[in-house]
$ cat protein.cif   # mmCIF, C-alpha atoms and all ligand atoms
data_coords
loop_
_atom_site.label_atom_id
_atom_site.label_comp_id
_atom_site.auth_asym_id
_atom_site.auth_seq_id
_atom_site.Cartn_x
_atom_site.Cartn_y
_atom_site.Cartn_z
CA MET W 263 -22.47 -31.66 20.55
CA SER W 264 -25.93 -32.36 19.20
CA ALA W 265 -26.84 -31.06 15.79
CA ASP W 266 -29.60 -28.83 17.05
CA ALA W 267 -27.60 -27.14 19.80
CA GLU W 268 -28.16 -23.43 19.70
CA VAL W 269 -25.81 -21.51 17.47
CA SER W 270 -24.55 -18.09 18.38
CA PRO W 271 -23.32 -16.90 15.03
CA VAL W 272 -19.77 -15.63 15.01
CA GLU W 273 -19.67 -15.69 11.25
CA SER W 274 -22.70 -13.79 10.14
CA LEU W 275 -23.56 -13.67 6.48
CA PRO W 276 -25.93 -11.06 5.12
CA ASP W 277 -28.49 -12.01 2.47
CA THR W 278 -26.73 -12.66 -0.81
CA PRO W 279 -26.81 -9.38 -2.76
CA PRO W 280 -29.28 -9.81 -5.65
CA TRP W 281 -26.72 -8.69 -8.25
CA LEU W 282 -24.52 -11.66 -7.23
CA GLU W 283 -27.31 -14.26 -7.26
CA PRO W 284 -26.94 -15.29 -10.94
CA LEU W 285 -23.22 -15.93 -10.49
CA LEU W 286 -23.85 -17.89 -7.30
CA GLN W 287 -26.49 -20.04 -8.96
CA GLN W 288 -24.25 -20.65 -11.94
CA TRP W 289 -21.43 -21.72 -9.62
CA THR W 290 -23.68 -23.99 -7.58
CA ALA W 291 -25.10 -25.60 -10.71
CA SER W 292 -21.65 -26.35 -12.12
CA GLY W 293 -21.19 -28.87 -9.26
CA ALA W 294 -18.42 -31.41 -9.46
CA GLN W 295 -17.28 -30.22 -12.89
CA ARG W 296 -16.13 -26.86 -11.76
CA GLY W 297 -12.48 -27.16 -10.83
CA HIS W 298 -10.79 -26.33 -7.56
CA ALA W 299 -9.16 -22.88 -7.77
CA PHE W 300 -11.09 -19.65 -8.18
CA LEU W 301 -10.12 -16.02 -8.26
CA LEU W 302 -13.01 -13.76 -7.23
CA VAL W 303 -12.54 -10.27 -8.59
CA SER W 304 -14.53 -7.23 -7.48
CA GLU W 305 -13.70 -3.56 -7.22
CA ASP W 306 -14.91 -3.90 -3.62
CA PRO W 307 -12.57 -6.07 -1.50
CA GLU W 308 -15.34 -6.69 1.04
CA GLU W 309 -17.66 -7.91 -1.70
CA ALA W 310 -15.05 -10.31 -3.06
CA ALA W 311 -14.42 -11.63 0.46
CA LEU W 312 -18.14 -11.97 1.17
CA PHE W 313 -18.70 -13.92 -2.03
CA SER W 314 -15.81 -16.16 -1.10
CA ARG W 315 -17.42 -16.97 2.29
CA ARG W 316 -20.73 -17.53 0.53
CA LEU W 317 -19.15 -20.07 -1.83
CA ALA W 318 -17.29 -21.71 1.04
CA VAL W 319 -20.44 -22.35 3.07
CA ALA W 320 -22.31 -23.52 -0.05
CA GLN W 321 -19.54 -26.05 -0.59
CA LEU W 322 -19.32 -27.19 3.02
CA CYS W 323 -23.05 -27.52 3.83
CA HIS W 324 -24.15 -31.17 4.00
CA ASP W 325 -27.63 -30.42 2.72
CA ARG W 326 -26.73 -29.52 -0.82
CA GLN W 327 -30.15 -29.99 -2.36
CA VAL W 328 -31.06 -26.53 -1.12
CA GLU W 329 -29.90 -23.33 -2.76
CA ARG W 330 -28.85 -21.69 0.48
CA PRO W 331 -26.72 -23.19 3.23
CA CYS W 332 -29.22 -25.07 5.42
CA GLY W 333 -27.94 -23.53 8.65
CA HIS W 334 -28.76 -26.72 10.57
CA CYS W 335 -26.24 -29.38 9.60
CA ARG W 336 -23.13 -30.03 11.64
CA SER W 337 -21.02 -28.29 9.03
CA CYS W 338 -23.16 -25.14 8.93
CA HIS W 339 -23.15 -24.99 12.73
CA ALA W 340 -19.38 -25.04 12.78
CA PHE W 341 -19.17 -22.49 9.97
CA PHE W 342 -21.45 -19.98 11.65
CA ARG W 343 -19.71 -20.49 14.97
CA GLY W 344 -16.42 -19.66 13.22
CA THR W 345 -14.85 -22.99 14.22
CA HIS W 346 -15.07 -25.06 11.03
CA GLY W 347 -12.15 -27.45 11.00
CA ASP W 348 -12.10 -27.82 7.22
CA LEU W 349 -12.06 -24.11 6.47
CA MET W 350 -9.04 -21.86 6.65
CA GLN W 351 -8.89 -18.18 5.94
CA VAL W 352 -5.57 -16.64 5.05
CA GLU W 353 -5.21 -12.88 5.26
CA ARG W 354 -2.62 -10.23 5.90
CA PRO W 355 -1.89 -10.29 9.64
CA GLU W 356 -2.61 -7.07 11.49
CA GLY W 357 0.44 -4.84 11.57
CA LYS W 358 2.03 -6.64 8.60
CA THR W 359 2.21 -5.27 5.08
CA ALA W 360 1.76 -8.55 3.20
CA ILE W 361 0.71 -12.20 3.31
CA GLY W 362 3.93 -14.13 3.89
CA ILE W 363 5.30 -17.44 2.66
CA GLU W 364 4.99 -19.08 6.07
CA GLN W 365 1.22 -18.54 6.03
CA ILE W 366 0.97 -20.22 2.64
CA ARG W 367 3.10 -23.17 3.81
CA GLN W 368 0.83 -23.68 6.80
CA ALA W 369 -2.24 -23.46 4.58
CA ALA W 370 -0.80 -26.07 2.21
CA GLN W 371 -0.22 -28.40 5.18
CA PHE W 372 -3.77 -27.78 6.33
CA LEU W 373 -5.08 -28.91 2.94
CA GLN W 374 -3.12 -32.15 3.22
CA GLN W 375 -4.91 -33.21 6.40
CA THR W 376 -8.01 -35.41 6.29
CA ALA W 377 -11.30 -33.55 6.17
CA LEU W 378 -13.15 -33.63 9.49
CA TYR W 379 -16.71 -32.83 8.50
CA GLY W 380 -17.09 -34.08 4.97
CA ASP W 381 -14.91 -34.81 1.99
CA ILE W 382 -13.35 -31.45 1.20
CA LYS W 383 -11.16 -28.76 2.71
CA VAL W 384 -11.55 -25.11 1.77
CA MET W 385 -8.94 -22.38 1.83
CA MET W 386 -9.84 -18.73 1.34
CA ILE W 387 -7.21 -16.09 0.68
CA ARG W 388 -8.56 -12.64 1.33
CA GLU W 389 -7.03 -9.80 -0.71
CA ALA W 390 -4.71 -12.23 -2.45
CA ASP W 391 -2.98 -9.33 -4.20
CA GLN W 392 -1.19 -8.82 -0.88
CA LEU W 393 0.77 -12.05 -1.23
CA THR W 394 4.52 -11.50 -1.32
CA LEU W 395 6.13 -12.80 -4.50
CA ALA W 396 7.68 -15.67 -2.54
CA ALA W 397 4.30 -16.52 -1.01
CA ALA W 398 2.65 -16.39 -4.44
CA ASN W 399 5.32 -18.69 -5.88
CA SER W 400 4.94 -21.18 -3.06
CA LEU W 401 1.19 -21.23 -3.73
CA LEU W 402 1.56 -22.29 -7.39
CA LYS W 403 1.93 -25.99 -6.77
CA THR W 404 -1.13 -26.08 -4.49
CA LEU W 405 -3.17 -24.16 -7.06
CA GLU W 406 -2.18 -26.59 -9.75
CA GLU W 407 -2.55 -29.79 -7.84
CA PRO W 408 -3.79 -29.55 -4.28
CA ALA W 409 -3.15 -32.54 -2.05
CA GLY W 410 -6.50 -34.24 -1.55
CA ASN W 411 -9.90 -32.79 -2.28
CA ALA W 412 -9.68 -29.03 -1.89
CA LEU W 413 -11.34 -25.80 -2.93
CA LEU W 414 -9.21 -22.66 -3.10
CA LEU W 415 -10.95 -19.30 -3.14
CA LEU W 416 -8.77 -16.26 -3.73
CA SER W 417 -10.42 -12.86 -3.56
CA THR W 418 -9.06 -9.54 -4.75
CA SER W 419 -9.94 -6.00 -5.73
CA ALA W 420 -6.61 -5.46 -7.47
CA VAL W 421 -6.21 -8.39 -9.81
CA TRP W 422 -3.44 -6.71 -11.83
CA ARG W 423 -1.16 -6.92 -8.79
CA LEU W 424 -1.28 -10.70 -8.79
CA PRO W 425 1.49 -12.49 -10.70
CA ALA W 426 0.30 -13.90 -14.04
CA THR W 427 1.40 -17.34 -12.81
CA VAL W 428 -1.25 -17.20 -10.07
CA ARG W 429 -3.97 -15.73 -12.30
CA SER W 430 -3.48 -18.33 -15.00
CA ARG W 431 -3.94 -21.19 -12.52
CA CYS W 432 -7.33 -19.93 -11.30
CA GLN W 433 -10.72 -19.58 -12.93
CA GLN W 434 -11.62 -15.94 -12.70
CA LEU W 435 -15.08 -14.91 -11.58
CA ARG W 436 -15.66 -11.21 -12.12
CA LEU W 437 -18.40 -9.95 -9.84
CA PRO W 438 -20.74 -7.48 -11.54
CA SER W 439 -21.03 -4.07 -9.89
CA ALA W 440 -24.20 -3.27 -8.02
CA PRO W 441 -26.87 -1.18 -9.76
CA HIS W 442 -27.29 1.86 -7.50
CA GLU W 443 -30.96 1.34 -6.58
CA GLU W 444 -30.43 -2.35 -5.89
CA GLY W 445 -27.40 -1.54 -3.73
CA VAL W 446 -29.37 0.99 -1.70
CA SER W 447 -32.31 -1.30 -0.99
CA TRP W 448 -30.12 -4.32 -0.17
CA LEU W 449 -28.02 -2.22 2.21
CA ALA W 450 -31.08 -0.67 3.88
CA GLN W 451 -32.47 -4.16 4.47
CA GLN W 452 -29.25 -5.56 5.91
CA LEU W 453 -28.66 -2.62 8.23
CA GLY W 454 -32.31 -2.09 9.14
CA THR W 455 -32.26 1.54 8.02
CA ASP W 456 -34.27 3.53 5.50
CA ASP W 457 -33.15 4.07 1.91
CA GLN W 458 -31.98 7.61 2.61
CA GLN W 459 -29.58 6.51 5.36
CA ALA W 460 -28.39 3.62 3.18
CA ASP W 461 -27.72 6.07 0.36
CA ARG W 462 -25.63 8.25 2.68
CA MET W 463 -23.72 5.16 3.84
CA LEU W 464 -23.03 4.30 0.21
CA SER W 465 -21.46 7.71 -0.33
CA LEU W 466 -18.88 6.78 2.33
CA THR W 467 -17.65 3.80 0.37
CA GLY W 468 -17.71 5.16 -3.17
CA GLY W 469 -20.99 3.40 -3.96
CA ARG W 470 -19.87 -0.03 -2.71
CA PRO W 471 -22.74 -1.61 -0.79
CA VAL W 472 -20.87 -4.55 0.76
CA SER W 473 -18.13 -2.28 2.12
CA ALA W 474 -20.85 -0.05 3.56
CA TRP W 475 -22.46 -3.13 5.13
CA ALA W 476 -19.11 -4.16 6.62
CA MET W 477 -18.74 -0.69 8.12
CA GLY W 478 -22.22 -1.05 9.61
CA ASN W 479 -24.10 1.32 11.90
CA THR W 480 -20.96 2.16 13.79
CA GLN W 481 -19.80 5.27 15.53
CA GLU W 482 -17.10 5.52 12.90
CA ALA W 483 -19.72 5.60 10.15
CA GLU W 484 -21.61 8.34 12.00
CA GLN W 485 -18.44 10.40 12.34
CA GLN W 486 -17.70 10.06 8.67
CA LEU W 487 -21.24 11.01 7.70
CA ALA W 488 -21.03 14.12 9.88
CA LEU W 489 -17.71 14.92 8.24
CA ILE W 490 -19.12 14.69 4.73
CA GLY W 491 -22.20 16.62 5.81
CA SER W 492 -19.98 19.49 6.99
CA PHE W 493 -18.52 20.16 3.53
CA ALA W 494 -21.71 21.58 2.04
CA GLY W 495 -21.82 24.51 4.47
CA LEU W 496 -18.16 25.50 4.27
CA ASP W 497 -18.69 28.61 2.16
CA ALA W 498 -20.97 30.11 4.77
CA GLN W 499 -18.97 29.01 7.82
CA THR W 500 -17.22 32.04 9.24
CA SER W 501 -15.85 30.73 12.52
CA GLY W 502 -13.27 27.93 12.74
CA PRO W 503 -13.28 24.45 11.19
CA PRO W 504 -16.46 22.36 11.75
CA SER W 505 -16.37 20.37 14.99
CA SER W 506 -16.62 17.05 13.10
CA TRP W 507 -13.12 17.71 11.70
CA SER W 508 -11.55 17.32 15.13
CA THR W 509 -12.88 13.78 15.65
CA VAL W 510 -11.02 12.17 12.73
CA ASP W 511 -7.40 11.82 11.66
CA LEU W 512 -5.97 14.42 9.33
CA GLU W 513 -5.46 11.69 6.74
CA VAL W 514 -9.12 10.67 6.85
CA LEU W 515 -10.17 14.32 6.59
CA LEU W 516 -7.97 14.86 3.55
CA ARG W 517 -9.18 11.70 1.86
CA ARG W 518 -12.80 12.81 2.27
CA LEU W 519 -12.03 16.35 1.10
CA LEU W 520 -10.25 15.01 -1.97
CA GLY W 521 -13.30 12.89 -2.79
CA TRP W 522 -15.51 15.95 -2.32
CA ALA W 523 -13.37 18.07 -4.66
CA GLU W 524 -13.36 15.27 -7.25
CA ASP W 525 -17.15 14.92 -7.09
CA ASN W 526 -17.52 18.63 -7.62
CA VAL W 527 -15.20 18.75 -10.60
CA ARG W 528 -17.17 15.88 -12.11
CA ASP W 529 -20.51 17.59 -11.48
CA ILE W 530 -19.68 20.99 -12.97
CA ALA W 531 -22.04 21.75 -15.83
CA LYS W 532 -20.23 21.93 -19.16
CA GLY W 533 -20.99 25.63 -19.79
CA ASP W 534 -19.53 26.64 -16.43
CA PHE W 535 -16.51 24.42 -16.61
CA ALA W 536 -13.85 26.98 -17.47
CA ARG W 537 -15.03 29.37 -14.79
CA GLN W 538 -15.38 26.88 -11.93
CA ALA W 539 -13.03 24.03 -12.60
CA GLY W 540 -9.86 26.06 -12.05
CA SER W 541 -10.49 26.70 -8.39
CA TRP W 542 -11.72 23.16 -7.65
CA LEU W 543 -8.64 21.74 -9.32
CA LEU W 544 -6.36 24.11 -7.42
CA LEU W 545 -8.04 23.12 -4.15
CA HIS W 546 -7.65 19.46 -5.09
CA ARG W 547 -3.98 20.09 -5.86
CA CYS W 548 -3.38 21.66 -2.42
CA LEU W 549 -5.13 18.81 -0.60
CA ALA W 550 -3.30 16.20 -2.64
CA GLU W 551 0.09 17.79 -1.92
CA LEU W 552 -0.58 17.71 1.82
CA TRP W 553 -1.85 14.14 1.55
CA PHE W 554 1.35 13.22 -0.29
CA ARG W 555 3.45 14.78 2.49
CA LEU W 556 1.62 12.70 5.08
CA LYS W 557 2.18 9.56 3.03
CA GLN W 558 5.88 10.40 2.97
CA GLY W 559 5.88 10.49 6.75
CA ALA W 560 5.41 14.20 7.50
CA THR W 561 3.69 14.88 10.84
CA PRO W 562 2.34 18.44 10.79
CA ALA W 563 0.56 19.79 13.87
CA LYS W 564 -3.01 18.71 13.28
CA ASP W 565 -4.65 21.92 14.56
CA ILE W 566 -2.61 24.12 12.27
CA ALA W 567 -3.03 21.88 9.24
CA VAL W 568 -6.80 21.61 9.79
CA THR W 569 -7.13 25.39 10.13
CA GLU W 570 -5.18 25.97 6.93
CA VAL W 571 -7.17 23.38 5.02
CA PHE W 572 -10.37 24.93 6.33
CA ARG W 573 -9.32 28.42 5.14
CA LEU W 574 -8.57 27.04 1.70
CA CYS W 575 -11.90 25.22 1.43
CA ARG W 576 -13.88 28.19 2.67
CA SER W 577 -12.25 30.73 0.37
CA ARG W 578 -12.48 28.61 -2.76
CA GLY W 579 -14.22 30.68 -5.42
CA HIS W 580 -13.29 34.00 -3.79
CA ALA W 581 -10.74 36.48 -5.14
CA VAL W 582 -8.24 35.71 -2.36
CA PHE W 583 -8.20 31.96 -3.06
CA PRO W 584 -5.41 31.72 -5.68
CA GLY W 585 -3.09 33.71 -3.39
CA LEU W 586 -3.89 31.55 -0.36
CA ALA W 587 -3.40 28.41 -2.39
CA GLN W 588 0.00 29.58 -3.63
CA GLN W 589 1.06 30.38 -0.05
CA PHE W 590 -0.09 26.94 1.04
CA LEU W 591 1.87 25.21 -1.72
CA PHE W 592 4.87 27.39 -0.90
CA SER W 593 4.72 26.25 2.73
CA LEU W 594 4.88 22.65 1.48
CA GLY W 595 7.87 23.46 -0.71
CA ARG W 596 5.82 23.29 -3.89
CA GLU W 597 5.76 26.97 -4.81
CA GLY W 598 5.09 27.92 -8.41
CA ALA W 599 4.22 24.38 -9.37
CA GLY W 600 0.53 25.13 -9.60
CA GLY W 601 0.89 28.09 -11.95
ZN ZN C 1 -25.85 -27.03 6.16
#
$ encode --input "protein.cif" --output "structure tokens" --more "lines below"
Ligand SMILES: [Zn+2]
Amino acid sequence: MSADAEVSPVESLPDTPPWLEPLLQQWTASGAQRGHAFLLVSEDPEEAALFSRRLAVAQLCHDRQVERPCGHCRSCHAFFRGTHGDLMQVERPEGKTAIGIEQIRQAAQFLQQTALYGDIKVMMIREADQLTLAAANSLLKTLEEPAGNALLLLSTSAVWRLPATVRSRCQQLRLPSAPHEEGVSWLAQQLGTDDQQADRMLSLTGGRPVSAWAMGNTQEAEQQLALIGSFAGLDAQTSGPPSSWSTVDLEVLLRRLLGWAEDNVRDIAKGDFARQAGSWLLLHRCLAELWFRLKQGATPAKDIAVTEVFRLCRSRGHAVFPGLAQQFLFSLGREGAGG
């Protein structure tokens, strides 16, 4: 294949977020001195994974005089086509709960093979906190002393879950969190939307721009935005639950409602706290108890559960609310626990 054959990107990378640029430049400048095992830590798993891909392509590109991957060399072509023979991504397989030892063994073998495109092989482990203990242990030797020239990039949003033995063998890079305005304008640019839409998207992901970018302009994002939009009018809604509630899982609905209740508790003005916080906290309690039941495997009829949750949300702040909430908790077997 000729070097200027047309590339249809499978692996698309957005512009590097500006709040990550200094760290990227620092990493690039450190060159050959920088060691071979890195742990990229961000509160946003998508951001950590994105930065990992960004470092991988910076390492693999043959035209290293430039700051960005050139996009034209043989190595960049393969990277963006998603077929780079010197790059391996390890992640939790779909339907599995963890990254297993067999995956790490295969990855270690991969690193032992001769590089095809240049002089280095790169292994990325996405959400490395999901390694089983056995998998983490089998990784230690590779982290310490990889066979051949290798770069290992582990990313995580839950660094405390990684065994200390893994953490101590990596150089940690903590990604700074995005300033809100910068996050909004970067996201708007990447998605081709206006700032207002980008801001709404950010609210879906707890203010994490790269997660919002990964979600994209999808139907799912639209559904979730409609869902969040429905909460503001609940007090006035007299008929049944908003129609947007029927398009999502009960679990998703509860997660969003819990976030809504938490935001409201946080936003209560200090003077009004005693008066208002009680009912928000009681609503939160009810939602959290139902959420907990679902997590334990309960499968309530969705229609009934949604209607009950709707009644609770709508009546919050009214005289009947404490009674309704107690009935709700009673039906979950948690009577009296809320006071
Ligand atoms: Zn290149």
$ closest_residue --input "protein.cif" --among "W:Ser430, W:Ser417, W:Gln481, W:Gln288" --to "Ala310 (chain W)" --atoms "all atoms listed in the file"
W:Ser417
$ closest_residue --input "protein.cif" --among "W:His324, W:Arg429, W:Lys564, W:Arg470" --to "Trp448 (chain W)" --atoms "all atoms listed in the file"
W:Arg470
$ closest_atom_pairs --input "protein.cif" --of "chain W" --to "ligand ZN 1 (chain C)" --cutoff "6 Å" --atoms "all atoms listed in the file" --output "CSV"
residue,atom,partner,partner_atom,distance
W:Cys323,CA,C:ZN1,ZN,3.7
W:His324,CA,C:ZN1,ZN,5.0
W:Asp325,CA,C:ZN1,ZN,5.1
W:Pro331,CA,C:ZN1,ZN,4.9
W:Cys332,CA,C:ZN1,ZN,4.0
W:Gly333,CA,C:ZN1,ZN,4.8
W:His334,CA,C:ZN1,ZN,5.3
W:Cys335,CA,C:ZN1,ZN,4.2
W:Ser337,CA,C:ZN1,ZN,5.8
W:Cys338,CA,C:ZN1,ZN,4.3
$ residues_near_point --input "protein.cif" --point "(-11.5, 23.0, -5.0)" --cutoff "8 Å" --atoms "only C-alpha atoms" --output "ChimeraX atom specification"
/W:523,526-527,539-546,575,578
$ atom_distance --input "protein.cif" --atom1 "CA of Glu364 (chain W)" --atom2 "CA of Lys557 (chain W)"
28.9 Å
$ residues_near_point --input "protein.cif" --point "(-19.4, 17.2, 7.2)" --cutoff "10 Å" --atoms "only C-alpha atoms" --output "PyMOL selection string"
chain W and resi 485-496+504-507+515+518-519
$ closest_residue --input "protein.cif" --among "W:Thr427, W:Ser465, W:Thr455, W:Thr509" --to "His442 (chain W)" --atoms "all atoms listed in the file"
W:Ser465
$ closest_residue --input "protein.cif" --among "W:Leu591, W:Leu301, W:Ala498, W:Leu401" --to "Gln433 (chain W)" --atoms "all atoms listed in the file"
W:Leu301
$ closest_residue --input "protein.cif" --among "W:Gly445, W:Pro408, W:Gly357, W:Pro503" --to "Arg573 (chain W)" --atoms "only C-alpha atoms"
W:Pro503
$ closest_residue --input "protein.cif" --among "W:Leu466, W:Val446, W:Ile530, W:Leu453" --to "Asn479 (chain W)" --atoms "all atoms listed in the file"
W:Leu453
$ atom_distance --input "protein.cif" --atom1 "CA of Gln538 (chain W)" --atom2 "CA of Gly468 (chain W)"
23.5 Å
$ build_atoms --input "protein.cif" --residues "region 356-371 of chain W" --atoms "N, CA and C atoms" --output "PDB file, in the coordinates of the input"
ATOM      1  N   GLU W 356      -2.560  -8.464  11.072  1.00  0.00           N
ATOM      2  CA  GLU W 356      -2.610  -7.070  11.490  1.00  0.00           C
ATOM      3  C   GLU W 356      -1.189  -6.583  11.801  1.00  0.00           C
ATOM      4  N   GLY W 357      -0.882  -5.401  11.331  1.00  0.00           N
ATOM      5  CA  GLY W 357       0.440  -4.840  11.570  1.00  0.00           C
ATOM      6  C   GLY W 357       1.470  -5.265  10.535  1.00  0.00           C
ATOM      7  N   LYS W 358       1.121  -6.216   9.671  1.00  0.00           N
ATOM      8  CA  LYS W 358       2.030  -6.640   8.600  1.00  0.00           C
ATOM      9  C   LYS W 358       1.601  -5.986   7.286  1.00  0.00           C
ATOM     10  N   THR W 359       2.547  -5.918   6.334  1.00  0.00           N
ATOM     11  CA  THR W 359       2.210  -5.270   5.080  1.00  0.00           C
ATOM     12  C   THR W 359       1.834  -6.277   3.986  1.00  0.00           C
ATOM     13  N   ALA W 360       2.023  -7.569   4.257  1.00  0.00           N
ATOM     14  CA  ALA W 360       1.760  -8.550   3.200  1.00  0.00           C
ATOM     15  C   ALA W 360       1.414  -9.913   3.802  1.00  0.00           C
ATOM     16  N   ILE W 361       0.940 -10.805   2.931  1.00  0.00           N
ATOM     17  CA  ILE W 361       0.710 -12.200   3.310  1.00  0.00           C
ATOM     18  C   ILE W 361       2.004 -12.959   3.022  1.00  0.00           C
ATOM     19  N   GLY W 362       2.590 -13.561   4.026  1.00  0.00           N
ATOM     20  CA  GLY W 362       3.930 -14.130   3.890  1.00  0.00           C
ATOM     21  C   GLY W 362       3.941 -15.594   3.497  1.00  0.00           C
ATOM     22  N   ILE W 363       5.120 -16.063   3.154  1.00  0.00           N
ATOM     23  CA  ILE W 363       5.300 -17.440   2.660  1.00  0.00           C
ATOM     24  C   ILE W 363       4.961 -18.475   3.738  1.00  0.00           C
ATOM     25  N   GLU W 364       5.245 -18.126   4.998  1.00  0.00           N
ATOM     26  CA  GLU W 364       4.990 -19.080   6.070  1.00  0.00           C
ATOM     27  C   GLU W 364       3.489 -19.375   6.190  1.00  0.00           C
ATOM     28  N   GLN W 365       2.679 -18.345   5.988  1.00  0.00           N
ATOM     29  CA  GLN W 365       1.220 -18.540   6.030  1.00  0.00           C
ATOM     30  C   GLN W 365       0.759 -19.490   4.939  1.00  0.00           C
ATOM     31  N   ILE W 366       1.372 -19.358   3.757  1.00  0.00           N
ATOM     32  CA  ILE W 366       0.970 -20.220   2.640  1.00  0.00           C
ATOM     33  C   ILE W 366       1.431 -21.656   2.881  1.00  0.00           C
ATOM     34  N   ARG W 367       2.616 -21.807   3.479  1.00  0.00           N
ATOM     35  CA  ARG W 367       3.100 -23.170   3.810  1.00  0.00           C
ATOM     36  C   ARG W 367       2.155 -23.852   4.787  1.00  0.00           C
ATOM     37  N   GLN W 368       1.752 -23.103   5.816  1.00  0.00           N
ATOM     38  CA  GLN W 368       0.830 -23.680   6.800  1.00  0.00           C
ATOM     39  C   GLN W 368      -0.490 -24.059   6.146  1.00  0.00           C
ATOM     40  N   ALA W 369      -0.967 -23.184   5.248  1.00  0.00           N
ATOM     41  CA  ALA W 369      -2.240 -23.460   4.580  1.00  0.00           C
ATOM     42  C   ALA W 369      -2.136 -24.708   3.718  1.00  0.00           C
ATOM     43  N   ALA W 370      -0.993 -24.883   3.050  1.00  0.00           N
ATOM     44  CA  ALA W 370      -0.800 -26.070   2.210  1.00  0.00           C
ATOM     45  C   ALA W 370      -0.808 -27.331   3.067  1.00  0.00           C
ATOM     46  N   GLN W 371      -0.198 -27.257   4.262  1.00  0.00           N
ATOM     47  CA  GLN W 371      -0.220 -28.400   5.180  1.00  0.00           C
ATOM     48  C   GLN W 371      -1.639 -28.711   5.636  1.00  0.00           C
TER      49      GLN W 371
END
